[in-house]
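File shown here: query.cif, holding mmCIF, C-alpha atoms.
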data_model
#
loop_
_atom_site.label_atom_id
_atom_site.label_comp_id
_atom_site.auth_asym_id
_atom_site.auth_seq_id
_atom_site.Cartn_x
_atom_site.Cartn_y
_atom_site.Cartn_z
CA MET A 29 1.23 -157.31 -76.19
CA GLY A 30 -0.17 -154.45 -74.14
CA TYR A 31 -1.92 -154.32 -70.79
CA LYS A 32 -5.48 -155.18 -69.83
CA VAL A 33 -6.64 -152.11 -67.93
CA VAL A 34 -9.76 -151.43 -65.88
CA VAL A 35 -10.95 -147.94 -64.94
CA VAL A 36 -13.21 -148.12 -61.89
CA GLY A 37 -15.45 -145.08 -61.47
CA ALA A 38 -15.22 -144.24 -65.16
CA THR A 39 -18.18 -141.83 -65.18
CA GLY A 40 -16.74 -139.43 -62.57
CA ASN A 41 -14.47 -136.43 -63.20
CA VAL A 42 -11.28 -138.33 -62.35
CA GLY A 43 -12.31 -141.57 -64.06
CA ARG A 44 -13.03 -139.76 -67.33
CA GLU A 45 -9.72 -137.94 -67.03
CA MET A 46 -7.93 -141.28 -66.51
CA LEU A 47 -9.38 -142.54 -69.80
CA ASN A 48 -8.32 -139.34 -71.57
CA ILE A 49 -4.77 -139.51 -70.24
CA LEU A 50 -4.31 -143.21 -70.99
CA GLU A 51 -5.13 -142.36 -74.60
CA GLU A 52 -3.14 -139.08 -74.73
CA ARG A 53 0.02 -140.71 -73.39
CA ALA A 54 -0.43 -143.74 -75.65
CA PHE A 55 -0.36 -146.15 -72.71
CA PRO A 56 -0.01 -149.64 -74.22
CA VAL A 57 -3.59 -150.84 -73.71
CA ASP A 58 -4.47 -154.22 -75.16
CA GLU A 59 -7.97 -154.24 -73.70
CA ILE A 60 -9.86 -151.72 -71.56
CA ALA A 61 -12.98 -151.88 -69.38
CA ALA A 62 -14.91 -148.98 -67.88
CA LEU A 63 -16.71 -149.83 -64.65
CA ALA A 64 -19.33 -147.90 -62.70
CA SER A 65 -22.00 -148.43 -60.08
CA ARG A 66 -25.37 -149.82 -61.14
CA ARG A 67 -26.98 -146.37 -61.20
CA SER A 68 -24.51 -145.35 -63.95
CA LEU A 69 -24.67 -148.69 -65.77
CA GLY A 70 -24.60 -148.35 -69.54
CA THR A 71 -23.42 -144.73 -69.48
CA GLU A 72 -21.07 -144.14 -72.39
CA VAL A 73 -17.56 -142.77 -71.89
CA SER A 74 -14.86 -141.89 -74.41
CA PHE A 75 -11.49 -143.56 -74.87
CA GLY A 76 -9.78 -141.86 -77.78
CA ASP A 77 -12.03 -142.39 -80.81
CA LYS A 78 -13.77 -145.31 -79.11
CA THR A 79 -16.94 -145.19 -77.05
CA LEU A 80 -17.11 -147.55 -74.08
CA LYS A 81 -20.26 -148.63 -72.28
CA THR A 82 -19.80 -148.87 -68.54
CA GLN A 83 -20.03 -152.30 -66.98
CA ASP A 84 -21.36 -153.26 -63.56
CA LEU A 85 -18.63 -153.08 -60.92
CA ASP A 86 -20.51 -155.55 -58.70
CA ALA A 87 -20.52 -158.26 -61.35
CA PHE A 88 -17.08 -157.70 -62.90
CA ASP A 89 -14.44 -160.44 -62.74
CA PHE A 90 -10.94 -158.93 -62.38
CA THR A 91 -9.22 -162.26 -63.13
CA GLY A 92 -6.76 -161.92 -66.01
CA TRP A 93 -6.68 -158.11 -65.91
CA ASP A 94 -3.31 -156.44 -65.25
CA ILE A 95 -4.06 -153.02 -63.74
CA ALA A 96 -7.14 -151.39 -62.22
CA LEU A 97 -7.23 -147.61 -61.82
CA PHE A 98 -9.66 -146.85 -58.99
CA ALA A 99 -11.44 -143.47 -58.93
CA ILE A 100 -14.18 -144.12 -56.39
CA GLY A 101 -14.53 -143.09 -52.75
CA SER A 102 -12.87 -144.83 -49.83
CA ASP A 103 -15.99 -146.75 -48.76
CA ALA A 104 -16.46 -148.37 -52.18
CA THR A 105 -12.70 -148.90 -52.55
CA LYS A 106 -12.66 -150.76 -49.24
CA LYS A 107 -15.16 -153.21 -50.71
CA TYR A 108 -13.85 -153.65 -54.27
CA ALA A 109 -10.07 -153.07 -54.20
CA PRO A 110 -9.31 -156.25 -52.21
CA VAL A 111 -11.47 -158.21 -54.66
CA ALA A 112 -9.43 -156.95 -57.62
CA ALA A 113 -6.13 -157.42 -55.80
CA LYS A 114 -7.02 -160.97 -54.78
CA ALA A 115 -7.82 -161.79 -58.42
CA GLY A 116 -4.25 -160.80 -59.36
CA CYS A 117 -5.06 -157.36 -60.76
CA ILE A 118 -2.81 -154.58 -59.40
CA VAL A 119 -4.89 -151.74 -57.97
CA ILE A 120 -3.77 -148.11 -58.29
CA ASP A 121 -6.08 -146.33 -55.87
CA ASN A 122 -6.94 -142.63 -55.96
CA SER A 123 -8.83 -142.60 -52.64
CA SER A 124 -7.26 -141.94 -49.24
CA LEU A 125 -7.96 -145.45 -47.96
CA TYR A 126 -4.52 -147.02 -48.36
CA ARG A 127 -2.21 -143.98 -48.36
CA TYR A 128 -1.04 -144.43 -44.79
CA ASP A 129 -0.89 -148.24 -44.81
CA PRO A 130 2.76 -149.25 -44.26
CA ASP A 131 2.27 -152.22 -46.61
CA VAL A 132 1.05 -150.04 -49.49
CA PRO A 133 3.48 -147.78 -51.39
CA LEU A 134 2.45 -144.15 -51.83
CA VAL A 135 3.94 -143.06 -55.13
CA VAL A 136 4.66 -139.92 -57.13
CA PRO A 137 6.77 -141.22 -60.04
CA GLU A 138 8.97 -138.11 -60.34
CA VAL A 139 9.82 -138.44 -56.63
CA ASN A 140 9.93 -142.10 -55.53
CA PRO A 141 9.46 -144.38 -58.57
CA GLU A 142 11.32 -147.24 -56.88
CA ALA A 143 8.49 -147.48 -54.32
CA VAL A 144 6.20 -149.19 -56.86
CA GLU A 145 8.19 -152.37 -56.31
CA GLY A 146 6.57 -152.66 -52.87
CA TYR A 147 3.14 -153.25 -54.44
CA SER A 148 3.30 -157.01 -53.96
CA LYS A 149 2.44 -157.05 -50.25
CA LYS A 150 -1.20 -156.20 -50.99
CA ASN A 151 -1.23 -155.83 -54.80
CA ILE A 152 -2.19 -152.19 -54.22
CA ILE A 153 -0.43 -148.84 -54.86
CA ALA A 154 -1.81 -145.58 -53.46
CA ASN A 155 -2.09 -142.26 -55.26
CA PRO A 156 -1.46 -139.24 -52.98
CA ASN A 157 -3.77 -136.37 -52.17
CA CYS A 158 -4.03 -133.80 -54.98
CA SER A 159 -2.47 -130.98 -52.95
CA THR A 160 0.45 -133.18 -51.87
CA ALA A 161 1.23 -134.54 -55.34
CA GLN A 162 2.12 -131.24 -56.96
CA MET A 163 4.03 -130.00 -53.92
CA VAL A 164 6.35 -133.00 -53.58
CA VAL A 165 7.26 -132.85 -57.28
CA ALA A 166 8.75 -129.43 -56.51
CA LEU A 167 10.22 -130.33 -53.11
CA LYS A 168 12.16 -133.43 -54.15
CA PRO A 169 14.86 -131.89 -56.40
CA LEU A 170 15.44 -129.08 -53.90
CA HIS A 171 15.61 -131.58 -51.03
CA ASP A 172 18.19 -133.64 -52.92
CA ARG A 173 20.40 -130.57 -53.24
CA ALA A 174 20.05 -128.78 -49.88
CA LYS A 175 17.94 -131.01 -47.57
CA ILE A 176 14.65 -129.40 -46.60
CA LYS A 177 14.08 -129.05 -42.86
CA ARG A 178 10.69 -127.36 -42.80
CA VAL A 179 7.84 -126.56 -45.18
CA VAL A 180 5.11 -123.95 -44.64
CA VAL A 181 2.39 -124.20 -47.29
CA SER A 182 -0.88 -122.39 -47.88
CA THR A 183 -3.13 -123.91 -50.54
CA TYR A 184 -5.73 -122.36 -52.82
CA GLN A 185 -7.73 -125.40 -53.90
CA SER A 186 -10.33 -125.50 -56.66
CA VAL A 187 -13.85 -126.86 -56.25
CA SER A 188 -13.22 -129.76 -58.65
CA GLY A 189 -11.40 -131.33 -55.71
CA SER A 190 -14.91 -131.92 -54.29
CA GLY A 191 -16.14 -133.50 -57.51
CA LYS A 192 -19.02 -132.51 -59.78
CA ASP A 193 -21.24 -131.42 -56.88
CA GLY A 194 -18.68 -128.83 -55.77
CA MET A 195 -18.36 -127.47 -59.31
CA ASP A 196 -22.14 -127.28 -59.66
CA GLU A 197 -22.46 -125.43 -56.34
CA LEU A 198 -19.95 -122.77 -57.41
CA TRP A 199 -21.69 -122.37 -60.78
CA ASP A 200 -25.18 -122.13 -59.29
CA GLN A 201 -24.17 -119.75 -56.50
CA THR A 202 -22.28 -117.50 -58.93
CA LYS A 203 -25.38 -117.18 -61.13
CA ALA A 204 -27.53 -116.56 -58.05
CA VAL A 205 -25.41 -113.58 -56.99
CA TYR A 206 -26.63 -111.79 -60.13
CA ASN A 207 -30.21 -112.93 -59.64
CA PRO A 208 -31.06 -112.49 -55.95
CA THR A 209 -34.37 -114.35 -56.30
CA ASP A 210 -32.41 -117.59 -56.96
CA GLU A 211 -30.57 -117.94 -53.64
CA VAL A 212 -28.49 -121.15 -53.52
CA ALA A 213 -27.74 -122.28 -49.99
CA PRO A 214 -24.42 -124.06 -49.27
CA LYS A 215 -24.66 -127.86 -49.37
CA VAL A 216 -21.27 -129.18 -50.42
CA TYR A 217 -19.41 -126.48 -48.47
CA PRO A 218 -20.11 -125.07 -44.98
CA LYS A 219 -20.30 -121.50 -46.34
CA GLN A 220 -20.91 -119.79 -49.67
CA ILE A 221 -18.09 -120.58 -52.09
CA ALA A 222 -18.97 -118.07 -54.84
CA PHE A 223 -16.91 -114.87 -54.44
CA ASN A 224 -15.51 -116.25 -51.17
CA VAL A 225 -12.69 -118.40 -49.77
CA ILE A 226 -13.16 -121.07 -47.13
CA PRO A 227 -10.24 -122.07 -44.82
CA HIS A 228 -11.68 -125.54 -44.28
CA ILE A 229 -11.19 -128.71 -46.36
CA ASP A 230 -12.28 -132.09 -44.95
CA VAL A 231 -13.10 -132.59 -41.26
CA PHE A 232 -11.57 -130.82 -38.26
CA LEU A 233 -9.16 -132.74 -36.02
CA GLU A 234 -8.60 -132.31 -32.28
CA ASP A 235 -5.52 -130.10 -32.70
CA GLY A 236 -7.47 -127.57 -34.79
CA SER A 237 -6.04 -128.63 -38.15
CA THR A 238 -8.21 -130.18 -40.86
CA LYS A 239 -7.74 -133.65 -42.27
CA GLU A 240 -6.62 -132.17 -45.61
CA GLU A 241 -3.81 -130.36 -43.79
CA TRP A 242 -2.89 -133.54 -41.91
CA LYS A 243 -2.78 -135.44 -45.23
CA MET A 244 -0.21 -133.02 -46.65
CA VAL A 245 1.99 -133.50 -43.58
CA ALA A 246 1.76 -137.31 -43.42
CA GLU A 247 2.06 -137.89 -47.17
CA THR A 248 5.06 -135.58 -47.64
CA LYS A 249 6.87 -137.48 -44.91
CA LYS A 250 6.02 -140.85 -46.47
CA ILE A 251 6.90 -139.86 -50.05
CA VAL A 252 9.93 -137.57 -49.59
CA ASP A 253 11.54 -137.82 -46.13
CA SER A 254 10.10 -138.58 -42.70
CA SER A 255 12.33 -135.94 -41.10
CA ILE A 256 10.74 -132.98 -42.96
CA LYS A 257 8.53 -130.80 -40.77
CA VAL A 258 5.41 -129.61 -42.58
CA THR A 259 2.68 -127.18 -41.57
CA ALA A 260 -0.23 -126.50 -43.90
CA THR A 261 -3.29 -124.26 -44.20
CA CYS A 262 -5.70 -125.54 -46.84
CA VAL A 263 -8.23 -123.17 -48.38
CA ARG A 264 -11.05 -123.79 -50.87
CA VAL A 265 -11.32 -121.01 -53.47
CA PRO A 266 -13.91 -120.19 -56.18
CA VAL A 267 -11.89 -121.70 -59.05
CA PHE A 268 -13.28 -124.60 -61.08
CA VAL A 269 -10.04 -126.52 -61.86
CA GLY A 270 -6.42 -126.07 -60.77
CA HIS A 271 -4.84 -125.98 -57.32
CA ALA A 272 -2.33 -123.30 -56.33
CA GLU A 273 0.09 -123.31 -53.40
CA ALA A 274 2.30 -120.69 -51.77
CA ILE A 275 5.25 -122.70 -50.44
CA ASN A 276 8.02 -121.62 -48.06
CA ILE A 277 10.93 -123.96 -47.40
CA GLU A 278 13.82 -123.87 -44.95
CA THR A 279 16.88 -125.90 -45.94
CA GLU A 280 19.91 -127.17 -44.04
CA GLU A 281 22.31 -125.77 -46.66
CA PHE A 282 22.04 -122.38 -48.30
CA LEU A 283 20.31 -122.55 -51.68
CA ASP A 284 20.47 -119.51 -53.92
CA GLU A 285 17.25 -118.60 -55.74
CA ASP A 286 19.01 -118.71 -59.12
CA GLU A 287 20.35 -122.21 -58.45
CA ALA A 288 16.92 -123.30 -57.22
CA ARG A 289 15.41 -121.99 -60.45
CA ASP A 290 17.95 -123.94 -62.51
CA ILE A 291 17.37 -127.13 -60.48
CA LEU A 292 13.60 -126.89 -60.95
CA ARG A 293 13.96 -126.22 -64.68
CA GLU A 294 15.82 -129.52 -65.05
CA ALA A 295 13.50 -131.52 -62.77
CA PRO A 296 11.01 -134.01 -64.26
CA GLY A 297 7.37 -132.92 -64.44
CA ILE A 298 8.10 -129.24 -63.75
CA MET A 299 7.77 -126.17 -65.93
CA VAL A 300 9.33 -122.97 -64.55
CA VAL A 301 7.64 -119.71 -65.61
CA ASP A 302 9.23 -117.04 -63.47
CA LYS A 303 9.50 -113.55 -64.94
CA ARG A 304 9.53 -110.62 -62.56
CA GLU A 305 6.99 -108.65 -64.53
CA ASP A 306 3.23 -108.30 -64.86
CA GLY A 307 1.82 -111.71 -65.76
CA GLY A 308 5.20 -113.44 -65.52
CA TYR A 309 3.78 -116.35 -63.52
CA VAL A 310 1.20 -119.12 -64.00
CA THR A 311 -2.31 -119.11 -62.53
CA PRO A 312 -4.77 -122.03 -62.19
CA VAL A 313 -6.82 -121.14 -65.26
CA GLU A 314 -3.69 -121.40 -67.43
CA CYS A 315 -2.65 -124.85 -66.22
CA VAL A 316 -5.91 -126.65 -66.97
CA GLY A 317 -5.38 -129.62 -69.29
CA ASP A 318 -1.60 -129.56 -68.90
CA PHE A 319 0.57 -132.37 -67.56
CA ALA A 320 3.15 -130.10 -65.89
CA THR A 321 3.44 -128.71 -62.40
CA PHE A 322 4.21 -125.01 -62.86
CA ILE A 323 6.57 -123.10 -60.57
CA SER A 324 6.74 -119.30 -60.39
CA ARG A 325 7.73 -116.48 -57.99
CA ILE A 326 10.96 -118.19 -56.82
CA ARG A 327 12.67 -115.86 -54.35
CA GLN A 328 14.84 -115.82 -51.26
CA ASP A 329 13.19 -115.61 -47.84
CA SER A 330 15.32 -113.07 -45.99
CA THR A 331 13.64 -113.71 -42.62
CA ILE A 332 15.52 -116.97 -42.08
CA GLU A 333 19.06 -118.13 -42.84
CA ASN A 334 18.29 -120.67 -45.56
CA GLY A 335 14.83 -119.95 -46.91
CA LEU A 336 13.02 -119.88 -50.25
CA ASN A 337 9.49 -118.97 -51.35
CA PHE A 338 7.77 -120.12 -54.52
CA TRP A 339 4.36 -120.47 -56.15
CA CYS A 340 3.17 -123.89 -57.38
CA VAL A 341 0.21 -124.49 -59.71
CA SER A 342 -1.17 -127.68 -61.27
CA ASP A 343 -4.33 -129.17 -62.78
CA ASN A 344 -5.61 -131.14 -59.77
CA LEU A 345 -7.66 -133.53 -61.92
CA ARG A 346 -4.47 -134.40 -63.79
CA LYS A 347 -1.30 -134.36 -61.68
CA GLY A 348 -3.35 -134.43 -58.50
CA ALA A 349 -5.26 -137.51 -59.54
CA ALA A 350 -5.60 -139.07 -62.99
CA LEU A 351 -2.20 -138.23 -64.46
CA ASN A 352 -0.31 -139.45 -61.41
CA ALA A 353 -2.27 -142.71 -61.45
CA VAL A 354 -1.42 -143.29 -65.13
CA GLN A 355 2.23 -142.39 -64.46
CA ILE A 356 2.24 -145.01 -61.69
CA ALA A 357 0.90 -147.53 -64.19
CA GLU A 358 3.66 -146.56 -66.64
CA THR A 359 6.30 -146.90 -63.91
CA LEU A 360 4.88 -150.25 -62.85
CA GLY A 361 5.03 -151.47 -66.44
CA ASN A 362 8.58 -150.26 -66.99
CA ARG A 363 10.04 -151.45 -63.69
CA VAL A 364 8.02 -154.55 -62.80
CA LEU A 365 5.54 -155.98 -65.29
CA LYS A 366 7.58 -155.35 -68.47
CA LYS A 367 4.98 -156.77 -70.85
CA VAL A 368 5.80 -154.23 -73.56
#

Rewrite the structure of this file - the entire thing - as structure tokens.
Amino acid sequence: MGYKVVVVGATGNVGREMLNILEERAFPVDEIAALASRRSLGTEVSFGDKTLKTQDLDAFDFTGWDIALFAIGSDATKKYAPVAAKAGCIVIDNSSLYRYDPDVPLVVPEVNPEAVEGYSKKNIIANPNCSTAQMVVALKPLHDRAKIKRVVVSTYQSVSGSGKDGMDELWDQTKAVYNPTDEVAPKVYPKQIAFNVIPHIDVFLEDGSTKEEWKMVAETKKIVDSSIKVTATCVRVPVFVGHAEAINIETEEFLDEDEARDILREAPGIMVVDKREDGGYVTPVECVGDFATFISRIRQDSTIENGLNFWCVSDNLRKGAALNAVQIAETLGNRVLKKV
């Protein structure tokens, strides 16, 4: 017996990736349903060698289904997730709606797998923000060894984090640069994204930070340790897929760069590629389609007593969204549901 799984938002970038990863990781699926809004009704999506026709989310009955992977925006999630949860189907939500709810666990399986057991309060588990997910995978093993006091992170986030419209805008603007008669004005982003970087993701808050930066702070505290101080600067860059982060940590105990490298090599979900030579590091274009979070450029920060710098790269559609959601489903099955 496997699991009855629903993918909600199956026609979007993340929903399609969820279907791919369920199949790639051989998740024990007994039955699967692909749901979408009425405007996408009947659109075909792939699940391994099968083709699924999307069903109407409005009319779907979640009764008897085990797990629903949600890949729709917060507004739609607010409407449909409680319906699924009330019907007894456990929701794993990729939106930001439930991440900061004290009754909903926020889970990265390599970091806090035990947290899935708190799902029962609302029958919902939250998936973290894409930029947070890859960072905490790297922070946790180092925190366990030397206790991290403070994190300073600058992100270089790809346009796929904004969905298909963001990717289309980069593509169209890039072409327009070479054909000046085809000017493409910014719509998704406040400024031109082609051949540019924009230090602004999500809305501005009163203190001058953006909501994306606030998310990284709040989610790191909830997932890893509430005592960690985090400051973030989040930047959108003209890359289609793959987020990169320059991370600086300050620890309570001294942690040598060689020991840190060894710890990260042994940590789940991490691949260390750190050669001090031309090309001896991983860039976003190289991580696309991979499950791992890649760590490079590990080095001591000599400006503080106990400091380290490193470079962190991951496929944001995978570890930052779809992969983490499927890993949560796997953890839920292994620790709680145990149907297989």

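Shortest atom-to-atom contact with Glu197 (chain A) among A:Pro141, A:Pro227, A:Pro266, A:Gly92: A:Pro266, counting all atoms listed in the file.
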
Out of A:Arg173, A:His271, A:Lys366, A:Lys303, which residue has the shortest atom-to-atom distance to Cys340 (chain A) when counting only C-alpha atoms?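 Checking each of A:Arg173, A:His271, A:Lys366, A:Lys303 against Cys340 (chain A), counting only C-alpha atoms, the winner is A:His271.
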
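The interatomic distance for the pair CA of Lys192 (chain A) and CA of Ile60 (chain A) works out to 24.3 Å.
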
Apply the PyMOL selection byres ((chain A and resi 73) around 8) to the file shown and report the selected residues as a PyMOL selection string. chain A and resi 38-39+44+62+71-72+74-75+79-82

Just so the selection is clear, what residues does the PyMOL selection byres ((chain A and resi 103-107) around 12) cover here, as a PyMOL selection string? chain A and resi 36-37+64-65+85-86+96-102+108-114+119-126+152+154

Residues returned when the PyMOL selection byres ((chain A and resi 302) around 6) runs on this file, as a list in words: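 Output from the PyMOL selection byres ((chain A and resi 302) around 6), applied to this file: Val301, Lys303, Gly308, Tyr309, Ser324 and Arg325 of chain A.
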
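Between CA of Val205 (chain A) and CA of Lys219 (chain A) lies a distance of 14.2 Å.
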
With all atoms listed in the file as the atoms that count, which of A:Pro133, A:Arg327, A:Asp58, A:Lys32 lies nearest to Asp94 (chain A)?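 When distances to Asp94 (chain A) are compared using all atoms listed in the file, the smallest one comes from A:Lys32.
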
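Taking CA of Leu69 (chain A) as the reference point, CA of Val42 (chain A) is found at 17.3 Å.
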
Write region 95-112 of chain A as a short mmCIF file (atom, residue, chain, number, x, y, z; two decimals), keeping the file's coordinate frame, completed to N, CA, C and O atoms.
data_model
loop_
_atom_site.label_atom_id
_atom_site.label_comp_id
_atom_site.auth_asym_id
_atom_site.auth_seq_id
_atom_site.Cartn_x
_atom_site.Cartn_y
_atom_site.Cartn_z
N ILE A 95 -4.07 -154.23 -64.56
CA ILE A 95 -4.06 -153.02 -63.74
C ILE A 95 -5.47 -152.47 -63.64
O ILE A 95 -6.19 -152.39 -64.64
N ALA A 96 -5.86 -152.06 -62.42
CA ALA A 96 -7.14 -151.39 -62.22
C ALA A 96 -6.88 -150.02 -61.62
O ALA A 96 -6.27 -149.90 -60.56
N LEU A 97 -7.32 -148.98 -62.32
CA LEU A 97 -7.23 -147.61 -61.82
C LEU A 97 -8.53 -147.29 -61.11
O LEU A 97 -9.60 -147.23 -61.74
N PHE A 98 -8.47 -147.09 -59.80
CA PHE A 98 -9.66 -146.85 -58.99
C PHE A 98 -9.88 -145.36 -58.78
O PHE A 98 -9.00 -144.65 -58.28
N ALA A 99 -11.07 -144.87 -59.13
CA ALA A 99 -11.44 -143.47 -58.93
C ALA A 99 -12.82 -143.40 -58.28
O ALA A 99 -13.74 -142.76 -58.78
N ILE A 100 -12.94 -144.12 -57.17
CA ILE A 100 -14.18 -144.12 -56.39
C ILE A 100 -13.82 -143.78 -54.95
O ILE A 100 -12.65 -143.78 -54.59
N GLY A 101 -14.79 -143.49 -54.14
CA GLY A 101 -14.53 -143.09 -52.75
C GLY A 101 -13.97 -144.22 -51.91
O GLY A 101 -13.95 -145.39 -52.31
N SER A 102 -13.51 -143.86 -50.72
CA SER A 102 -12.87 -144.83 -49.83
C SER A 102 -13.79 -145.98 -49.43
O SER A 102 -13.35 -147.13 -49.33
N ASP A 103 -15.07 -145.69 -49.20
CA ASP A 103 -15.99 -146.75 -48.76
C ASP A 103 -16.13 -147.83 -49.84
O ASP A 103 -16.06 -149.03 -49.54
N ALA A 104 -16.32 -147.40 -51.08
CA ALA A 104 -16.46 -148.37 -52.18
C ALA A 104 -15.12 -149.06 -52.45
O ALA A 104 -15.08 -150.26 -52.73
N THR A 105 -14.03 -148.31 -52.34
CA THR A 105 -12.70 -148.90 -52.55
C THR A 105 -12.44 -150.01 -51.54
O THR A 105 -11.88 -151.05 -51.88
N LYS A 106 -12.86 -149.77 -50.31
CA LYS A 106 -12.66 -150.76 -49.24
C LYS A 106 -13.33 -152.09 -49.59
O LYS A 106 -12.83 -153.17 -49.26
N LYS A 107 -14.43 -152.01 -50.31
CA LYS A 107 -15.16 -153.21 -50.71
C LYS A 107 -14.55 -153.88 -51.94
O LYS A 107 -14.39 -155.11 -51.97
N TYR A 108 -14.20 -153.07 -52.96
CA TYR A 108 -13.85 -153.65 -54.27
C TYR A 108 -12.35 -153.81 -54.52
O TYR A 108 -11.95 -154.70 -55.27
N ALA A 109 -11.51 -152.97 -53.93
CA ALA A 109 -10.07 -153.07 -54.20
C ALA A 109 -9.50 -154.42 -53.77
O ALA A 109 -8.73 -155.02 -54.53
N PRO A 110 -9.84 -154.93 -52.58
CA PRO A 110 -9.31 -156.25 -52.21
C PRO A 110 -9.77 -157.37 -53.15
O PRO A 110 -9.05 -158.34 -53.36
N VAL A 111 -10.96 -157.21 -53.71
CA VAL A 111 -11.47 -158.21 -54.66
C VAL A 111 -10.59 -158.23 -55.90
O VAL A 111 -10.18 -159.30 -56.38
N ALA A 112 -10.29 -157.04 -56.43
CA ALA A 112 -9.43 -156.95 -57.62
C ALA A 112 -8.03 -157.45 -57.32
O ALA A 112 -7.45 -158.21 -58.10
#
